[in-house]
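Pasting data11.cif here (mmCIF, C-alpha atoms):
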```
data_target
#
loop_
_atom_site.label_atom_id
_atom_site.label_comp_id
_atom_site.auth_asym_id
_atom_site.auth_seq_id
_atom_site.Cartn_x
_atom_site.Cartn_y
_atom_site.Cartn_z
CA MET A 1 0.00 0.00 0.00
CA ASP A 2 1.64 3.22 -1.14
CA LEU A 3 1.33 6.78 0.16
CA HIS A 4 -1.31 7.63 -2.46
CA ALA A 5 -3.61 4.86 -1.27
CA ILE A 6 -3.06 5.87 2.36
CA LEU A 7 -4.00 9.47 1.51
CA ILE A 8 -7.15 8.38 -0.32
CA ILE A 9 -8.28 6.28 2.64
CA PHE A 10 -7.36 8.95 5.18
CA PHE A 11 -9.19 11.78 3.43
CA ARG A 12 -12.23 9.63 2.83
CA TRP A 13 -12.30 8.70 6.53
CA LEU A 14 -11.78 12.34 7.50
CA HIS A 15 -14.67 13.47 5.27
CA VAL A 16 -17.12 10.83 6.51
CA ALA A 17 -16.16 11.13 10.19
CA THR A 18 -16.33 14.94 10.13
CA ALA A 19 -19.67 14.84 8.32
CA CYS A 20 -20.99 12.40 10.93
CA VAL A 21 -19.92 14.68 13.76
CA ALA A 22 -21.40 17.76 12.07
CA VAL A 23 -24.69 16.16 11.03
CA GLY A 24 -25.16 14.37 14.33
CA GLY A 25 -24.27 17.51 16.24
CA VAL A 26 -26.75 19.68 14.35
CA PHE A 27 -29.44 17.04 14.78
CA PHE A 28 -28.67 16.76 18.51
CA ILE A 29 -28.70 20.52 19.05
CA ARG A 30 -31.90 21.03 17.06
CA VAL A 31 -33.98 18.00 18.11
CA ILE A 32 -32.72 16.48 21.36
CA PHE A 33 -31.21 19.35 23.30
CA PRO A 34 -34.37 21.56 23.34
CA ILE A 35 -36.26 18.70 25.00
CA GLY A 36 -33.70 18.70 27.81
CA LEU A 37 -34.13 22.44 28.27
CA ARG A 38 -37.88 22.19 28.84
CA SER A 39 -37.34 21.38 32.51
CA LEU A 40 -35.54 24.70 33.06
CA ASP A 41 -36.86 28.21 33.53
CA ALA A 42 -36.42 30.71 30.72
CA GLU A 43 -33.25 32.38 32.00
CA PRO A 44 -31.21 29.25 32.90
CA ALA A 45 -32.36 27.67 29.62
CA ARG A 46 -31.07 30.67 27.69
CA THR A 47 -27.76 30.60 29.56
CA MET A 48 -27.35 26.92 28.78
CA LEU A 49 -28.21 27.47 25.14
CA LEU A 50 -25.54 30.17 24.84
CA ARG A 51 -22.92 27.99 26.54
CA THR A 52 -23.74 25.06 24.27
CA ARG A 53 -23.68 27.39 21.29
CA ARG A 54 -20.10 28.41 22.08
CA ALA A 55 -18.95 24.79 22.15
CA PHE A 56 -21.03 24.03 19.07
CA LYS A 57 -19.43 26.95 17.23
CA MET A 58 -15.95 25.51 17.72
CA VAL A 59 -17.10 22.12 16.47
CA VAL A 60 -18.86 23.55 13.41
CA HIS A 61 -16.01 25.84 12.37
CA SER A 62 -13.50 23.00 12.63
CA ALA A 63 -15.85 20.66 10.77
CA ILE A 64 -16.32 23.13 7.90
CA LEU A 65 -12.56 23.51 7.50
CA LEU A 66 -11.96 19.75 7.53
CA LEU A 67 -14.87 19.08 5.16
CA LEU A 68 -13.57 21.66 2.67
CA ILE A 69 -10.02 20.23 2.74
CA SER A 70 -11.03 16.58 2.52
CA GLY A 71 -13.82 17.31 0.04
CA THR A 72 -11.45 19.15 -2.30
CA TYR A 73 -8.98 16.25 -2.23
CA ASN A 74 -11.72 13.66 -2.79
CA ALA A 75 -13.22 15.66 -5.67
CA ILE A 76 -9.86 15.92 -7.42
CA GLN A 77 -9.27 12.20 -6.95
CA ASN A 78 -12.71 11.18 -8.22
CA TRP A 79 -13.09 13.73 -11.02
CA HIS A 80 -12.65 11.16 -13.79
CA GLY A 81 -15.15 8.92 -12.00
CA TYR A 82 -17.73 11.71 -12.14
CA THR A 83 -17.15 12.05 -15.88
CA ALA A 84 -17.38 8.31 -16.40
CA ALA A 85 -20.65 8.07 -14.45
CA GLY A 86 -22.57 9.32 -17.48
CA PRO A 87 -23.31 12.47 -19.41
CA GLY A 88 -24.12 15.06 -16.80
CA LEU A 89 -25.05 12.59 -14.09
CA GLY A 90 -21.79 12.42 -12.12
CA HIS A 91 -20.98 16.11 -12.30
CA GLY A 92 -24.63 17.01 -11.75
CA LEU A 93 -24.82 15.02 -8.54
CA PHE A 94 -21.45 16.36 -7.41
CA GLY A 95 -22.64 19.91 -8.10
CA LEU A 96 -25.83 19.30 -6.15
CA HIS A 97 -23.86 17.86 -3.23
CA LEU A 98 -21.48 20.82 -3.29
CA LEU A 99 -24.28 23.37 -3.57
CA LEU A 100 -26.20 21.87 -0.65
CA ALA A 101 -23.03 21.68 1.46
CA LEU A 102 -22.09 25.30 0.76
CA THR A 103 -25.63 26.42 1.57
CA VAL A 104 -25.45 24.55 4.88
CA PHE A 105 -22.07 26.10 5.65
CA GLY A 106 -23.41 29.57 4.92
CA ILE A 107 -26.48 29.14 7.11
CA ALA A 108 -24.40 27.61 9.93
CA LEU A 109 -21.84 30.42 9.85
CA TRP A 110 -24.59 33.06 9.81
CA LEU A 111 -26.44 31.41 12.72
CA LEU A 112 -23.27 31.23 14.80
CA THR A 113 -22.15 34.80 14.16
CA GLY A 114 -22.29 37.15 17.14
CA ALA A 115 -22.93 36.53 20.80
CA GLU A 116 -26.68 36.00 20.43
CA PRO A 117 -28.41 33.70 17.95
CA PRO A 118 -31.03 35.15 15.54
CA ALA A 119 -34.62 35.10 16.74
CA ASP A 120 -35.72 32.33 14.39
CA HIS A 121 -32.54 30.25 14.71
CA GLN A 122 -34.49 27.05 15.41
CA LYS A 123 -36.27 27.27 12.07
CA TRP A 124 -32.98 27.78 10.22
CA MET A 125 -31.30 24.98 12.16
CA GLY A 126 -34.17 22.68 11.18
CA LEU A 127 -33.68 23.68 7.54
CA ASN A 128 -29.98 22.87 7.91
CA VAL A 129 -30.79 19.38 9.20
CA VAL A 130 -32.96 18.72 6.12
CA LEU A 131 -30.33 20.13 3.73
CA LEU A 132 -27.61 18.02 5.37
CA PHE A 133 -29.69 14.86 4.89
CA LEU A 134 -30.25 15.83 1.24
CA ALA A 135 -26.50 16.43 0.79
CA ILE A 136 -25.80 12.93 2.11
CA ALA A 137 -28.45 11.54 -0.27
CA ALA A 138 -26.74 13.27 -3.22
CA ALA A 139 -23.37 11.87 -2.12
CA SER A 140 -24.79 8.33 -1.75
CA THR A 141 -26.34 8.47 -5.21
CA LEU A 142 -23.14 9.88 -6.67
CA LYS A 143 -21.15 7.05 -5.10
CA TYR A 144 -23.55 4.51 -6.58
CA ALA A 145 -23.33 6.13 -10.03
CA ARG A 146 -19.54 6.22 -9.84
CA GLU A 147 -19.14 2.64 -8.75
CA HIS A 148 -21.48 1.36 -11.45
CA ALA A 149 -20.05 3.43 -14.28
CA LYS A 150 -17.37 0.89 -15.23
CA PRO A 151 -14.92 3.34 -16.72
CA LEU A 152 -11.96 2.17 -18.77
CA THR A 153 -8.88 1.67 -16.66
CA ASN A 154 -5.41 2.67 -17.78
CA HIS A 155 -4.59 -0.94 -18.57
CA GLN A 156 -7.74 -1.38 -20.63
CA GLU A 157 -6.95 1.80 -22.52
CA THR A 158 -3.47 0.44 -23.24
CA ALA A 159 -4.93 -2.84 -24.43
CA THR A 160 -7.44 -0.99 -26.63
CA ILE A 161 -4.70 1.11 -28.18
CA ASN A 162 -2.64 -2.01 -28.87
CA LEU A 163 -5.61 -3.76 -30.43
CA THR A 164 -6.35 -0.74 -32.61
CA SER A 165 -2.77 -0.55 -33.81
CA VAL A 166 -2.88 -4.24 -34.77
CA THR A 167 -6.16 -3.98 -36.68
CA THR A 168 -5.12 -0.87 -38.59
CA GLN A 169 -1.85 -2.30 -39.78
CA PRO A 170 -1.87 -3.23 -43.49
CA MET B 171 -16.26 -9.24 -15.60
CA THR B 172 -20.00 -9.18 -15.01
CA GLU B 173 -22.11 -7.37 -12.48
CA ALA B 174 -23.14 -10.75 -11.06
CA MET B 175 -19.63 -11.16 -9.69
CA TYR B 176 -20.10 -8.09 -7.51
CA ASN B 177 -23.64 -8.20 -6.14
CA HIS B 178 -26.76 -10.29 -5.67
CA LEU B 179 -29.12 -7.85 -7.38
CA SER B 180 -27.74 -8.19 -10.87
CA ASN B 181 -31.04 -9.59 -12.17
CA VAL B 182 -33.11 -6.76 -10.70
CA PRO B 183 -34.02 -3.87 -13.05
CA ASP B 184 -31.56 -1.01 -13.07
CA TRP B 185 -34.04 1.56 -11.77
CA VAL B 186 -34.74 -0.61 -8.68
CA GLN B 187 -31.02 -0.86 -8.00
CA SER B 188 -30.65 2.87 -8.54
CA VAL B 189 -33.19 3.51 -5.79
CA VAL B 190 -32.53 0.71 -3.31
CA LEU B 191 -28.74 0.85 -3.14
CA PRO B 192 -28.31 4.62 -2.58
CA LEU B 193 -31.26 4.62 -0.15
CA ASN B 194 -29.71 1.82 1.87
CA ARG B 195 -26.36 3.63 1.92
CA TRP B 196 -28.05 6.91 2.88
CA LEU B 197 -29.81 5.25 5.82
CA HIS B 198 -26.54 3.67 6.97
CA VAL B 199 -24.67 6.99 6.86
CA VAL B 200 -27.49 8.99 8.50
CA ALA B 201 -27.80 6.45 11.32
CA THR B 202 -24.02 6.58 11.80
CA ALA B 203 -24.11 10.37 11.86
CA THR B 204 -26.84 10.59 14.48
CA LEU B 205 -25.06 8.01 16.64
CA VAL B 206 -21.56 9.49 16.36
CA GLY B 207 -22.61 13.14 16.54
CA GLY B 208 -25.10 12.45 19.30
CA ALA B 209 -22.48 10.62 21.36
CA LEU B 210 -20.04 13.50 20.89
CA PHE B 211 -22.52 16.12 22.05
CA TYR B 212 -24.03 14.03 24.82
CA GLU B 213 -20.62 13.23 26.22
CA PHE B 214 -18.47 16.27 25.51
CA VAL B 215 -20.69 19.32 24.98
CA ILE B 216 -23.70 18.96 27.28
CA PRO B 217 -21.67 18.27 30.49
CA LYS B 218 -19.63 21.42 29.84
CA ALA B 219 -22.78 23.47 29.27
CA ILE B 220 -24.47 22.43 32.52
CA GLU B 221 -21.52 22.39 34.89
CA ASP B 222 -22.56 25.69 36.51
CA LEU B 223 -26.10 24.51 37.29
CA LYS B 224 -27.17 23.02 40.61
CA ASP B 225 -26.81 19.27 40.97
CA GLU B 226 -30.53 18.55 40.86
CA THR B 227 -30.97 20.77 37.80
CA GLN B 228 -28.07 19.01 36.09
CA LEU B 229 -29.71 15.67 36.80
CA SER B 230 -33.01 16.92 35.45
CA VAL B 231 -31.50 18.16 32.18
CA LEU B 232 -29.28 15.11 31.72
CA GLY B 233 -32.18 12.79 32.50
CA ARG B 234 -34.42 14.34 29.84
CA VAL B 235 -31.66 14.45 27.22
CA ARG B 236 -30.70 10.87 28.04
CA TRP B 237 -34.31 9.72 27.70
CA ILE B 238 -34.43 10.98 24.10
CA PHE B 239 -30.83 10.03 23.32
CA ARG B 240 -31.56 6.44 24.40
CA ARG B 241 -34.30 6.18 21.78
CA LEU B 242 -31.98 7.66 19.17
CA VAL B 243 -29.21 5.17 20.02
CA ILE B 244 -31.57 2.18 19.83
CA PHE B 245 -33.16 3.37 16.59
CA SER B 246 -29.76 4.09 14.99
CA THR B 247 -28.40 0.72 16.10
CA VAL B 248 -31.35 -1.15 14.58
CA VAL B 249 -31.07 0.81 11.32
CA LEU B 250 -27.29 0.26 11.16
CA CYS B 251 -27.65 -3.49 11.72
CA LEU B 252 -30.41 -3.86 9.11
CA THR B 253 -28.78 -1.71 6.42
CA GLY B 254 -25.35 -3.21 7.13
CA ALA B 255 -26.72 -6.75 6.83
CA PHE B 256 -28.48 -5.87 3.58
CA GLU B 257 -25.38 -4.24 2.10
CA THR B 258 -23.26 -7.22 3.12
CA TRP B 259 -25.68 -9.68 1.54
CA LEU B 260 -25.84 -7.54 -1.55
CA ILE B 261 -22.12 -7.27 -2.25
CA TRP B 262 -21.00 -10.54 -0.65
CA PRO B 263 -19.74 -11.90 -4.02
CA SER B 264 -17.21 -9.08 -4.01
CA TYR B 265 -15.76 -10.49 -0.78
CA THR B 266 -15.30 -14.05 -2.03
CA HIS B 267 -12.90 -15.98 -4.25
CA ARG B 268 -10.38 -13.64 -5.83
CA PHE B 269 -11.70 -10.69 -3.79
CA ALA B 270 -11.28 -12.51 -0.46
CA ALA B 271 -8.43 -10.22 0.60
CA ALA B 272 -11.00 -7.55 1.51
CA ARG B 273 -12.96 -9.86 3.79
CA PRO B 274 -10.78 -9.57 6.95
CA TRP B 275 -11.18 -5.80 6.84
CA TRP B 276 -14.93 -6.15 6.39
CA GLY B 277 -14.90 -8.43 9.44
CA GLY B 278 -12.93 -5.84 11.38
CA HIS B 279 -15.44 -3.14 10.47
CA VAL B 280 -18.34 -5.33 11.60
CA ILE B 281 -16.71 -6.38 14.87
CA VAL B 282 -15.58 -2.88 15.82
CA GLY B 283 -18.89 -1.32 14.78
CA VAL B 284 -20.98 -3.84 16.69
CA THR B 285 -18.76 -3.37 19.75
CA ALA B 286 -19.23 0.41 19.66
CA MET B 287 -23.00 0.11 19.21
CA ALA B 288 -23.27 -2.48 21.99
CA MET B 289 -21.37 -0.19 24.35
CA ALA B 290 -23.56 2.81 23.48
CA VAL B 291 -26.76 0.80 23.95
CA ARG B 292 -25.52 -0.73 27.21
CA ILE B 293 -24.59 2.67 28.63
CA THR B 294 -27.80 4.44 27.68
CA LEU B 295 -30.07 1.56 28.71
CA GLY B 296 -28.90 1.66 32.33
CA ASP B 297 -31.38 2.85 34.96
CA ARG B 298 -28.98 5.21 36.69
CA VAL B 299 -28.70 8.75 35.37
CA PRO B 300 -24.98 9.55 35.08
CA ARG B 301 -23.94 12.61 37.07
CA HIS B 302 -20.55 12.93 35.43
CA PRO B 303 -19.26 12.25 31.93
CA ILE B 304 -19.03 8.54 31.30
CA ALA B 305 -15.61 7.38 30.20
CA TRP B 306 -17.06 4.37 28.44
CA LEU B 307 -19.09 6.53 26.07
CA ARG B 308 -15.90 8.34 25.14
CA VAL B 309 -14.28 4.99 24.41
CA SER B 310 -17.34 4.07 22.37
CA PHE B 311 -17.03 7.31 20.40
CA VAL B 312 -13.39 6.57 19.53
CA ILE B 313 -14.30 3.01 18.53
CA MET B 314 -17.00 4.41 16.21
CA LEU B 315 -14.36 6.52 14.47
CA VAL B 316 -12.19 3.41 14.11
CA ALA B 317 -15.17 1.56 12.60
CA ILE B 318 -15.63 4.36 10.04
CA PHE B 319 -11.92 4.17 9.20
CA LEU B 320 -12.17 0.40 8.69
CA ALA B 321 -15.17 0.95 6.39
CA ALA B 322 -13.13 3.36 4.24
CA LEU B 323 -10.20 0.92 4.19
CA THR B 324 -12.40 -2.05 3.28
CA ARG B 325 -14.04 -0.13 0.46
CA HIS B 326 -10.70 0.94 -0.97
CA ILE B 327 -9.31 -2.60 -0.95
CA ARG B 328 -12.52 -4.02 -2.43
CA LEU B 329 -12.59 -1.50 -5.26
CA SER B 330 -8.86 -1.99 -5.91
CA LEU B 331 -9.39 -5.72 -6.29
CA GLN B 332 -12.36 -5.14 -8.58
CA ALA B 333 -10.38 -2.69 -10.70
CA ASP B 334 -7.60 -5.25 -11.05
CA ALA B 335 -10.11 -7.91 -12.05
CA GLU B 336 -11.64 -5.52 -14.60
CA ALA B 337 -8.25 -4.67 -16.02
CA TYR B 338 -6.59 -8.07 -16.15
CA GLY B 339 -9.44 -10.57 -16.17
CA ASP B 340 -8.30 -14.17 -15.83
CA GLN B 341 -4.68 -13.23 -16.38
CA THR B 342 -4.36 -11.85 -12.88
CA ILE B 343 -1.80 -13.83 -10.96
CA LEU B 344 -3.24 -14.54 -7.55
CA PRO B 345 -1.00 -14.40 -4.48
CA ASP B 346 0.94 -17.49 -3.58
CA THR B 347 -0.63 -18.49 -0.28
CA SER B 348 2.36 -20.65 0.65
CA LEU B 349 4.49 -17.55 1.05
CA PRO B 350 4.39 -15.38 4.19
CA THR B 351 2.83 -11.95 3.65
CA MET B 352 2.70 -8.75 5.64
CA GLY B 353 -1.07 -8.62 5.53
CA PRO B 354 -4.12 -9.06 3.32
CA TRP B 355 -3.34 -6.12 1.08
CA PRO B 356 -4.41 -6.14 -2.55
CA VAL B 357 -1.73 -7.82 -4.58
CA GLU B 358 -0.57 -6.12 -7.74
CA PRO B 359 -1.07 -8.41 -10.72
CA THR B 360 2.11 -9.14 -12.59
CA THR B 361 0.88 -9.77 -16.11
CA MET B 362 -0.48 -7.46 -18.76
CA PRO B 363 -3.26 -8.26 -21.19
CA THR B 364 -2.09 -8.94 -24.69
CA VAL B 365 -3.85 -8.48 -27.98
CA THR B 366 -3.77 -12.23 -28.61
CA THR B 367 -6.71 -12.61 -26.23
CA ALA B 368 -8.87 -10.22 -28.24
CA PRO B 369 -11.13 -11.46 -31.04
CA ALA B 370 -9.48 -11.56 -34.42
CA PRO B 371 -10.19 -8.53 -36.64
CA ALA B 372 -12.67 -8.96 -39.43
CA PRO B 373 -11.08 -9.64 -42.83
#
```

Let me see the file written as structure tokens.
Amino acid sequence: MDLHAILIIFFRWLHVATACVAVGGVFFIRVIFPIGLRSLDAEPARTMLLRTRRAFKMVVHSAILLLLISGTYNAIQNWHGYTAAGPGLGHGLFGLHLLLALTVFGIALWLLTGAEPPADHQKWMGLNVVLLFLAIAAASTLKYAREHAKPLTNHQETATINLTSVTTQP
Amino acid sequence: MTEAMYNHLSNVPDWVQSVVLPLNRWLHVVATATLVGGALFYEFVIPKAIEDLKDETQLSVLGRVRWIFRRLVIFSTVVLCLTGAFETWLIWPSYTHRFAAARPWWGGHVIVGVTAMAMAVRITLGDRVPRHPIAWLRVSFVIMLVAIFLAALTRHIRLSLQADAEAYGDQTILPDTSLPTMGPWPVEPTTMPTVTTAPAPAP
């Protein structure tokens, strides 16, 4: 196993693990955590929300950075696979995945800006959960399309070239 | 190399495969995300956020969060087991015969993943509400990350073996099992296809 293979595996792991942490964290903060706060009065609940938001902000900012780095590397590595997946299909799904991810990043960064969250932050966080699930769906479909594209490998291309040269000889 | 060598759904219409396979993978990833992210926040973020509250208030908050988190853990575990079993059944042909080198890593992913899920379920099913962060859930979180790493490694080895089979066909020289090896890594084939195996050109 060479360094290239190790890098491919590492960046894929980094992308999936970071996405799991980010998606699970957003889901936890939006769905589970508010239920825990119901037993508190308004003021302690708000204090807790702000404390959690500070920790959440560090997690989200780190996750965005890691997702951008690992996602860029993975996209460069798989670019030919996107092309081989079919006319428009591979790059279309990749574009959709990227667009959804960037939208989620933008909303998350906007929600976490400043000391106080926006008034309707729960609604936007809920939208982010849905968009994250859609981004994963686009990535899953893209992976399926890529794995079932059966592109020509370098060796097959070499064999095809050799065969062509034989058949075209007088 | 036919599709039948790689999965059990080769006779099912393409559109069914195009829906079922990504959906199964999506469910597996979403269940993993809710489990891993939930464990991280339940174990690392919430305790920090409530450390200034009174003890009884801490217990009240943790108890409520734990009540919901328990359901999430159980639901995610069931979904992971079902989707993982389906995926395994589906692509089992790609773990047999000439692709058997990927199987130990698949086994590692299953064992480590099941261990992490069992630990998370065991911890959250207990009757006692934890007053302090539970070290075992942290261990479980790390084991989940290891399971994800093993999944990435298994996939890479499996696809490498398939790419070799696609490229070389029956001319791939399989590893000599009588020789000691450093591990079940994909073995680079040592022969190249030649034009003599191709059909003769039309006159």

Contact set, chain B to chain A: 6 Å, all atoms listed in the file, as a VMD selection string: chain B and resid 192 196 203 to 204 207 to 208 219 231 234 to 235 319 322 to 323 337 365

Proximity to B:Ala270 - best of B:Ala333, B:Arg328, B:Tyr212, B:Val200, only C-alpha atoms: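 Answer, going by the shortest atom-to-atom distance: B:Arg328.
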
Selection dump of the PyMOL selection byres ((chain A and resi 107) around 12), as an NGL selection string: :A and (26 or 60 or 64 or 100-106 or 108-113 or 117-118 or 121-129 or 131-132)

Separation of atom CA of B:Thr202 from atom CA of B:Val190 in Å: 18.3 Å

Nearest residue to B:Trp275 from the set B:Val206, B:Ile327, B:Leu250, B:Leu229 (distances using all atoms listed in the file):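 With all atoms listed in the file as the atom set, the closest residue is B:Ile327.
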
Chain and number of each residue from the PyMOL selection byres ((chain A and resi 87-92) around 10), as JSON, numbers by chain: {"A": [78, 79, 80, 81, 82, 83, 84, 85, 86, 93, 94, 95, 96, 97, 98, 138, 141, 142, 143, 144, 145, 146, 149]}

Point-to-point distance from atom CA of B:Val291 to atom CA of B:Leu260, Å rounded to tenths: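 Answer for the atom CA of B:Val291 to atom CA of B:Leu260 separation: 26.8 Å.
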
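Residues lying within 9 Å of B:His198, counting only C-alpha atoms and ignoring same-chain neighbours fewer than 6 positions away, are B:Ser246, B:Val249, B:Leu250, B:Cys251, B:Leu252, B:Thr253, B:Gly254.
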
Separation of atom CA of B:Arg308 from atom CA of A:Asn74, in Å and rounded to one decimal: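 Between atom CA of B:Arg308 and atom CA of A:Asn74 the gap is 28.7 Å.
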
Saved stretch 6-35 of chain A from the preceding structure, C-alpha atoms, as a PDB file, in the first residue's frame:
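As a result, part.pdb now contains:
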```pdb
ATOM      1  CA  ILE A   6      -3.064   5.873   2.358  1.00  0.00           C
ATOM      2  CA  LEU A   7      -3.996   9.472   1.515  1.00  0.00           C
ATOM      3  CA  ILE A   8      -7.145   8.378  -0.324  1.00  0.00           C
ATOM      4  CA  ILE A   9      -8.281   6.279   2.644  1.00  0.00           C
ATOM      5  CA  PHE A  10      -7.356   8.953   5.185  1.00  0.00           C
ATOM      6  CA  PHE A  11      -9.191  11.781   3.425  1.00  0.00           C
ATOM      7  CA  ARG A  12     -12.234   9.629   2.826  1.00  0.00           C
ATOM      8  CA  TRP A  13     -12.302   8.702   6.525  1.00  0.00           C
ATOM      9  CA  LEU A  14     -11.785  12.339   7.501  1.00  0.00           C
ATOM     10  CA  HIS A  15     -14.668  13.474   5.272  1.00  0.00           C
ATOM     11  CA  VAL A  16     -17.122  10.835   6.509  1.00  0.00           C
ATOM     12  CA  ALA A  17     -16.162  11.134  10.189  1.00  0.00           C
ATOM     13  CA  THR A  18     -16.333  14.937  10.126  1.00  0.00           C
ATOM     14  CA  ALA A  19     -19.674  14.840   8.321  1.00  0.00           C
ATOM     15  CA  CYS A  20     -20.994  12.397  10.929  1.00  0.00           C
ATOM     16  CA  VAL A  21     -19.915  14.677  13.761  1.00  0.00           C
ATOM     17  CA  ALA A  22     -21.400  17.756  12.075  1.00  0.00           C
ATOM     18  CA  VAL A  23     -24.690  16.160  11.026  1.00  0.00           C
ATOM     19  CA  GLY A  24     -25.163  14.366  14.331  1.00  0.00           C
ATOM     20  CA  GLY A  25     -24.267  17.512  16.241  1.00  0.00           C
ATOM     21  CA  VAL A  26     -26.753  19.679  14.348  1.00  0.00           C
ATOM     22  CA  PHE A  27     -29.444  17.036  14.784  1.00  0.00           C
ATOM     23  CA  PHE A  28     -28.673  16.761  18.510  1.00  0.00           C
ATOM     24  CA  ILE A  29     -28.702  20.523  19.052  1.00  0.00           C
ATOM     25  CA  ARG A  30     -31.901  21.035  17.063  1.00  0.00           C
ATOM     26  CA  VAL A  31     -33.977  18.002  18.106  1.00  0.00           C
ATOM     27  CA  ILE A  32     -32.724  16.475  21.361  1.00  0.00           C
ATOM     28  CA  PHE A  33     -31.213  19.353  23.300  1.00  0.00           C
ATOM     29  CA  PRO A  34     -34.369  21.557  23.341  1.00  0.00           C
ATOM     30  CA  ILE A  35     -36.265  18.702  25.002  1.00  0.00           C
TER      31      ILE A  35
END
```
